[in-house]
Amino acid sequence: MCRKEWCFLCSLAVLSLSSASGSASGCEVLGKFNMQRLFKPGDITIGGIFPVSNKQEQSNISYMVKPPDVSCVGFDLRAFRWTQVMIFAIEEINEDNLLLPNISLGYRILDSCASPTNVLRAAVTLVSRSEDPGALCPPVAALIAESGSSQSLAVASTLGPFRVPTVSYFSTCACLSDREKYPTFFRTIPSDFYQAKALAALVRRFGWTWIGALHSDNDYGRNGVLAFTKEVQKQGVCIAFVGTVLRTYTRARILDVVDTIKQSMVKVILAFVPEGDLYPLMQEVVLQNITGIQWIASEAWITAARPSTPEIYRSFGGTIGFVVRKAAIPRFEPFLRGISPYVDSSAGFIRDFWEIMAGCRPLAPGKVQAAGAGARDVKWCSGTETLAGSSNVFFNVSQLRVAYNVYNAVYAIAHALHNLIFCQAYGESPVIPCVNVSQIQPKQVSDQLQKVKLTNPFGEAVFFDKNGDPPPSYDIINWQLTEGQVDHVTVGHFGSASDGSYKLSIQEEDIVWGTGHMIPTAACSAVCPPGTRKAQVKGRPVCCFDCIPCPEGTIANSTGAVDCDPCPREYWSNKRRDNCIQKTIEFLSYSEPMGIALTVISLLGACLSLATMSVYIHYRDTPVIKASNFELSSLLLFSLFMCFLCPLPFLGKPTTLTCMLRHTAFGVTFALCISCILGKTIIVVTAFRATLPGSNMAGKFGPAQQRVIVCSCTFVQIFICVLWLNLNPPFADKVFRYSNKKIVLECNPGSEVAFYAVLGYIGFLAGTCLVLAFLARKLPDNFNEAKFITFSMLIFCAVWITFIPSYVSSPGKVTVAVEIFAILSSAFGLLICIFAPKCYIIFMKPEHNTKKHVMRKNPPRKVIYSSK
């Protein structure tokens with residue numbers, strides 16, 4: 001529509017509305033449009049605008065004169081039925097003695113031709129002075145308009161400033177809920193705000209993440225797809241493409257959309273389009289035999305009759321979508337079958353309706369059938385035709401949806417008028433008018449509509465929220481082919497729950513899919529399996545991604561994971577990276593080969609110590625045993641026996657008790673062992689010193705002094721261990737640093753200082769003993785233990801010096817094995833070096849086990865002794 005025509009309409013609307021709001025004597029018609037109408041006078045008139053014709057013919061406008069009358073084509077049976085349900089509801093209310101008693105409702109119904117400009121013409125006509133004879137400015141209570149959102153926007157924006165209430169039955173654009181822009185707009189169909197949520201819930205239910213979208217090039221389509229896009233983007237769904245269609249588009253533009261569909265390769269497409277805009281595209285899709293697509297329909301076309309044919313079903317079979325609630329109005333069928341051009345020949349639209357239903361054109365009143373060439377193009381009715389036995393779907397009133405919305409709109413307006421006129425709600429008594437019918441103002445009706453809450457004759461509550469919207473309630477419809485006919489099968493429901501949330505319930509097993517028997521998949525990239533995560537591809541939509549395996553130690557135990565979750569500290573990821581499994585617990589156990597070997601060697605050493613002790617006890621009176629100090633040797637063998645048993649607490653699962661025992665037992669037994677060797681070394685040195693002239697060392701170092709040396713040296717180690725256990729004792733610890741897949745159970749020394757103090761003290765005793773033994777190694781006695789002690793201390797010190805770096809650098813249970821090896825090596829070194837020579841003499845050289853041989857001095861060596 002050009003700007004000049006809009007200006008003309010707007011100026012006419014303002015002047016007409018101004019005159020309509022004045023007194024009867026001030027009414028003046030400034031202009032009128034010649035439009036088909038249905039009319040019935042009444043005390044109060046309700047206006048109705050319906051797209052009975054589905055297309056407005058284009059006309060040439062000269063911009064110099066008033067635009068010509070509108071010419072509309074394409075009769076819409078469904079919209080015509082909407083007009084009839086409005087008439088039926090008004091007549092039902094007029095027959096009701098409780099609702100608006102003694103007040104008759106009239107109606108004026110006009111055709112919008114599904115055009116925003118023509119709906120504005122109709123609205124201006126309805127709120128202006130009546131064009132019908134005998135009617136002097138009857139009050140227009142409200143308008144029931146319109147089916148398209150763009151048309152309703154035109155009406156609401158024009159009539160809103162004048163507070164004329166408008167109730168729509170099929171306009172769903174969420175933009176119409178703006179109370180600041182459209183303060184008097186109401187509707188009996190849920191807003192697309194809720195339909196977008198329902199569609200998003202459906203997409204989420206079936207896991208579709210890569211879909212196409214089509215919308216009509218108007219407010220309904222644009223706002224609907226925008227609302228849907230906002231909803232699905234919250235759940236990671238991507239829109240592959242957005243196509244635009246309109247009934248007035250050329251075939252070339254339709255083909256562009258079809259090419260987009262073919263090139264995108266998407267398997268799921270949402271069509272947020274009215275049926276009239278979508279039908280040309282549907283025909284082209286069928287013509288090009290495009291199949292295998294799951295179509296999602298908005299409520300604007302899912303139940304439309306024109307596309308619900310077996311031919312369209314070839315490409316659109318299995319379509320799934322949402323529709324408003326349905327209802328059956330049994331008394332409405334006889335009313336529809338009673339429509340006839342012979343009852344009221346002047347009623348608008350009836351002749352077009354009859355031509356479609358009866359297959360012939362009724363004669364105009366007072367005319368006869370024309371003759372000539374033109375008569376052959378039209379089949380004229382004989383006047384005996386009837387619709388009583390017709391099986392046309394037009395007469396099926398068991399599943400009314402949009403028509404039911406019209407029905408509720410009429411009743412909502414009637415209840416608002418009742419509450420206004422009688423100042424009390426419907427059903428309360430007595431009923432005494434308190435407002436003069438002729439004084440009703442549109443604003444008063446709007447205020448009452450906002451407050452109205454009624455139960456219609458079918459027991460359903462009808463009311464409006466603060467935005468003029470009803471509560472959301474949708475049925476889920478699926479296109480199925482039954483006996484050659486397309487059925488709209490209900491397979492689920494979407495509505496609001498009592499807690500304010502929204503609930504989707506659907507019977508998947510009842511659905512026929514457009515892509516076959518299985519639920520279609522719609523994804524730009526395959527869903528990442530467990531054990532992998534999504535990795536966004538640069539420059540691609542968020543739904544297009546690569547699947548990257550989770551790093552070690554992390555898992556993704558669900559499909560489509562965005563991130564990999566780290567396993568708890570004591571767990572590690574399995575090979576598939578989809579589950580955390582407990583890490584292997586590692587410690588040096590008795591059952592493994594190394595543990596068995598160390599246990600055997602330890603027990604062997606303990607047995608050798610006991611065997612040597614038994615030999616010493618048995619041969620304690622022989623010179624060799626006497627010369628080696630039987631008491632100290634026995635104590636040394638006992639300490640070695642204990643040293644050989646020390647590795648046993650190192651094996652097995654560490655506990656606090658075993659950790660405390662292994663370190664302290666090791667420290668004390670080795671301190672006792674070295675103390676005994678130190679005592680033997682001192683004896684050797686003092687024995688030699690005692691043989692020198694003037695020496696009294698033998699008297700100063702007897703058995704008592706030997707015991708004091710052993711006990712005092714051992715007590716120092718005991719004191720260190722007691723402090724250690726009291727201040728910061730060893731404890732069982734889980735160590736994770738050695739391996740990501742293992743937990744090493746080991747004994748934490750607690751205090752590193754105490755641990756190295758124990759080792760250091762043993763080293764101090766060993767070093768002292770080594771020095772003394774080394775100084776006495778060349779003493780002239782034939783049987784001199786100093787050289788054996790020296791050699792044993794060399795082995796002992798070498799073992800423990802190499803132990804420290806090995807202990808520090810060894811991981812896990814190898815550390816324990818190194819420590820056990822050091823204990824056993826040093827113990828065997830002491831046992832063999834000190835006691836093996838004596839056992840050799842006892843068993844292999846018994847002739848040397850004599851006092852004479854033991855006391856015989858070796859040939860003198862160049863040893864210089866000084867004496868004071």
# chains A, B, ... in the order shown; residues from 1 in each chain; ligands from 1
call {"tool": "residues_around", "arguments": {"residues": "Val537 of chain A", "least_positions_apart": "6", "cutoff": "8 Å", "atoms": "only C-alpha atoms", "output": "MDAnalysis selection string"}}
result
chainID A and resid 544:546
call {"tool": "select_by_dssp", "arguments": {"residues": "segment 158-353 of chain A", "states": "helix (DSSP H, G or I)", "output": "ChimeraX atom specification"}}
result
/A:158-162,174-177,192-205,219-233,251-264,275-287,310-316,332-337,350-353
call {"tool": "residues_around", "arguments": {"residues": "Gly468 of chain A", "least_positions_apart": "5", "cutoff": "7 Å", "atoms": "only C-alpha atoms", "output": "PDB file with N, CA and C atoms, in the first residue's frame"}}
result
ATOM      1  N   SER A 177       1.690  -8.773  22.777  1.00  0.00           N
ATOM      2  CA  SER A 177       1.519  -8.791  24.237  1.00  0.00           C
ATOM      3  C   SER A 177       2.047  -7.525  24.904  1.00  0.00           C
ATOM      4  N   PHE A 185      -5.709  -4.844  23.371  1.00  0.00           N
ATOM      5  CA  PHE A 185      -5.670  -6.050  22.542  1.00  0.00           C
ATOM      6  C   PHE A 185      -5.741  -7.288  23.439  1.00  0.00           C
ATOM      7  N   PHE A 186      -6.636  -8.203  23.088  1.00  0.00           N
ATOM      8  CA  PHE A 186      -6.791  -9.472  23.793  1.00  0.00           C
ATOM      9  C   PHE A 186      -6.796 -10.582  22.739  1.00  0.00           C
ATOM     10  N   ARG A 187      -6.602 -11.805  23.206  1.00  0.00           N
ATOM     11  CA  ARG A 187      -6.699 -12.928  22.276  1.00  0.00           C
ATOM     12  C   ARG A 187      -7.049 -14.203  23.048  1.00  0.00           C
ATOM     13  N   GLN A 450     -10.423  -7.195  30.748  1.00  0.00           N
ATOM     14  CA  GLN A 450      -9.212  -7.525  31.499  1.00  0.00           C
ATOM     15  C   GLN A 450      -9.545  -8.287  32.779  1.00  0.00           C
TER      16      GLN A 450
END
call {"tool": "select_by_dssp", "arguments": {"residues": "segment 458-588 of chain A", "states": "strand (DSSP E)", "output": "ChimeraX atom specification"}}
result
/A:461-463,473-482,485-496,502-506,532-536,545-549,554-555,565-566,571-573,580-582,584-586
call {"tool": "residues_around", "arguments": {"residues": "Pro116 of chain A", "least_positions_apart": "2", "cutoff": "9 Å", "atoms": "only C-alpha atoms", "output": "list of chain:residue names"}}
result
A:Ser112, A:Cys113, A:Ala114, A:Asn118, A:Val119, A:Leu120, A:Arg121, A:Gly148, A:Ser150, A:Gln151, A:Ser152, A:Leu153, A:Ala154, A:Val155
call {"tool": "residues_around", "arguments": {"residues": "segment 557-563 of chain A", "least_positions_apart": "6", "cutoff": "8 Å", "atoms": "only C-alpha atoms", "output": "count of residues only"}}
result
12
call {"tool": "decode", "arguments": {"residues": "segment 509-609 of chain A", "atoms": "C-alpha atoms", "output": "tab-separated table (two decimals), in the first residue's frame"}}
result
chain	number	residue	atom	x	y	z
A	509	GLU	CA	5.47	-44.77	19.65
A	510	ASP	CA	2.40	-43.20	17.99
A	511	ILE	CA	4.38	-40.85	15.75
A	512	VAL	CA	4.86	-41.43	12.02
A	513	TRP	CA	8.13	-39.77	10.99
A	514	GLY	CA	8.76	-38.03	7.70
A	515	THR	CA	12.17	-39.72	7.40
A	516	GLY	CA	11.02	-43.29	8.03
A	517	HIS	CA	10.32	-45.42	11.06
A	518	MET	CA	13.20	-44.12	13.16
A	519	ILE	CA	13.43	-40.76	14.90
A	520	PRO	CA	15.32	-38.50	12.47
A	521	THR	CA	18.72	-37.20	13.41
A	522	ALA	CA	19.51	-33.55	12.87
A	523	ALA	CA	23.06	-32.57	13.70
A	524	CYS	CA	25.83	-30.70	11.90
A	525	SER	CA	28.30	-32.99	13.64
A	526	ALA	CA	27.68	-36.42	15.11
A	527	VAL	CA	27.17	-36.41	18.84
A	528	CYS	CA	30.47	-36.89	20.61
A	529	PRO	CA	30.53	-40.34	22.21
A	530	PRO	CA	31.50	-40.83	25.85
A	531	GLY	CA	35.20	-40.34	26.35
A	532	THR	CA	35.39	-37.36	24.02
A	533	ARG	CA	34.54	-33.67	24.23
A	534	LYS	CA	33.38	-31.06	21.78
A	535	ALA	CA	36.04	-28.89	20.16
A	536	GLN	CA	34.66	-25.89	18.35
A	537	VAL	CA	35.67	-25.53	14.71
A	538	LYS	CA	36.78	-21.99	13.98
A	539	GLY	CA	34.45	-20.16	11.65
A	540	ARG	CA	31.64	-22.74	11.96
A	541	PRO	CA	28.42	-22.56	14.02
A	542	VAL	CA	28.51	-23.81	17.56
A	543	CYS	CA	26.75	-27.03	16.48
A	544	CYS	CA	29.60	-27.92	14.14
A	545	PHE	CA	32.48	-29.35	16.11
A	546	ASP	CA	35.13	-32.04	16.29
A	547	CYS	CA	35.25	-34.74	18.95
A	548	ILE	CA	38.53	-34.73	20.86
A	549	PRO	CA	39.48	-37.64	23.17
A	550	CYS	CA	39.70	-36.65	26.80
A	551	PRO	CA	43.23	-36.37	28.22
A	552	GLU	CA	44.41	-38.98	30.68
A	553	GLY	CA	42.92	-38.50	34.11
A	554	THR	CA	39.73	-36.92	32.77
A	555	ILE	CA	36.50	-38.46	31.57
A	556	ALA	CA	33.31	-37.64	29.73
A	557	ASN	CA	30.72	-40.20	30.78
A	558	SER	CA	27.89	-38.75	28.71
A	559	THR	CA	27.38	-38.08	25.05
A	560	GLY	CA	27.95	-34.58	23.75
A	561	ALA	CA	30.12	-33.45	26.65
A	562	VAL	CA	31.50	-29.93	26.38
A	563	ASP	CA	34.33	-30.50	28.84
A	564	CYS	CA	36.12	-33.48	30.30
A	565	ASP	CA	35.78	-33.82	34.05
A	566	PRO	CA	38.88	-34.64	36.08
A	567	CYS	CA	38.77	-37.84	38.09
A	568	PRO	CA	39.03	-37.68	41.88
A	569	ARG	CA	42.54	-37.92	43.27
A	570	GLU	CA	42.37	-41.62	44.02
A	571	TYR	CA	40.89	-42.50	40.64
A	572	TRP	CA	42.11	-42.52	37.05
A	573	SER	CA	40.42	-42.65	33.69
A	574	ASN	CA	39.97	-45.96	31.90
A	575	LYS	CA	41.12	-46.53	28.33
A	576	ARG	CA	37.81	-45.35	26.89
A	577	ARG	CA	37.93	-42.20	29.05
A	578	ASP	CA	34.29	-42.68	30.01
A	579	ASN	CA	34.69	-43.81	33.59
A	580	CYS	CA	36.96	-43.24	36.54
A	581	ILE	CA	38.47	-46.39	37.95
A	582	GLN	CA	40.35	-46.66	41.19
A	583	LYS	CA	44.08	-46.36	40.85
A	584	THR	CA	46.22	-49.43	41.44
A	585	ILE	CA	47.32	-49.63	45.05
A	586	GLU	CA	51.03	-50.41	45.11
A	587	PHE	CA	53.18	-51.57	48.00
A	588	LEU	CA	55.81	-54.21	48.48
A	589	SER	CA	53.78	-57.26	49.43
A	590	TYR	CA	54.79	-60.67	50.67
A	591	SER	CA	53.12	-62.38	47.72
A	592	GLU	CA	55.02	-60.79	44.85
A	593	PRO	CA	58.34	-62.27	43.67
A	594	MET	CA	60.50	-59.50	45.09
A	595	GLY	CA	58.70	-59.70	48.44
A	596	ILE	CA	59.09	-63.48	48.53
A	597	ALA	CA	62.80	-63.25	47.72
A	598	LEU	CA	63.46	-60.61	50.37
A	599	THR	CA	61.45	-62.57	52.93
A	600	VAL	CA	63.42	-65.74	52.20
A	601	ILE	CA	66.75	-63.91	52.41
A	602	SER	CA	65.69	-62.21	55.62
A	603	LEU	CA	64.67	-65.48	57.24
A	604	LEU	CA	67.83	-67.15	55.92
A	605	GLY	CA	69.92	-64.47	57.56
A	606	ALA	CA	67.99	-64.86	60.82
A	607	CYS	CA	68.51	-68.63	60.69
A	608	LEU	CA	72.23	-68.21	60.03
A	609	SER	CA	72.42	-65.87	63.00
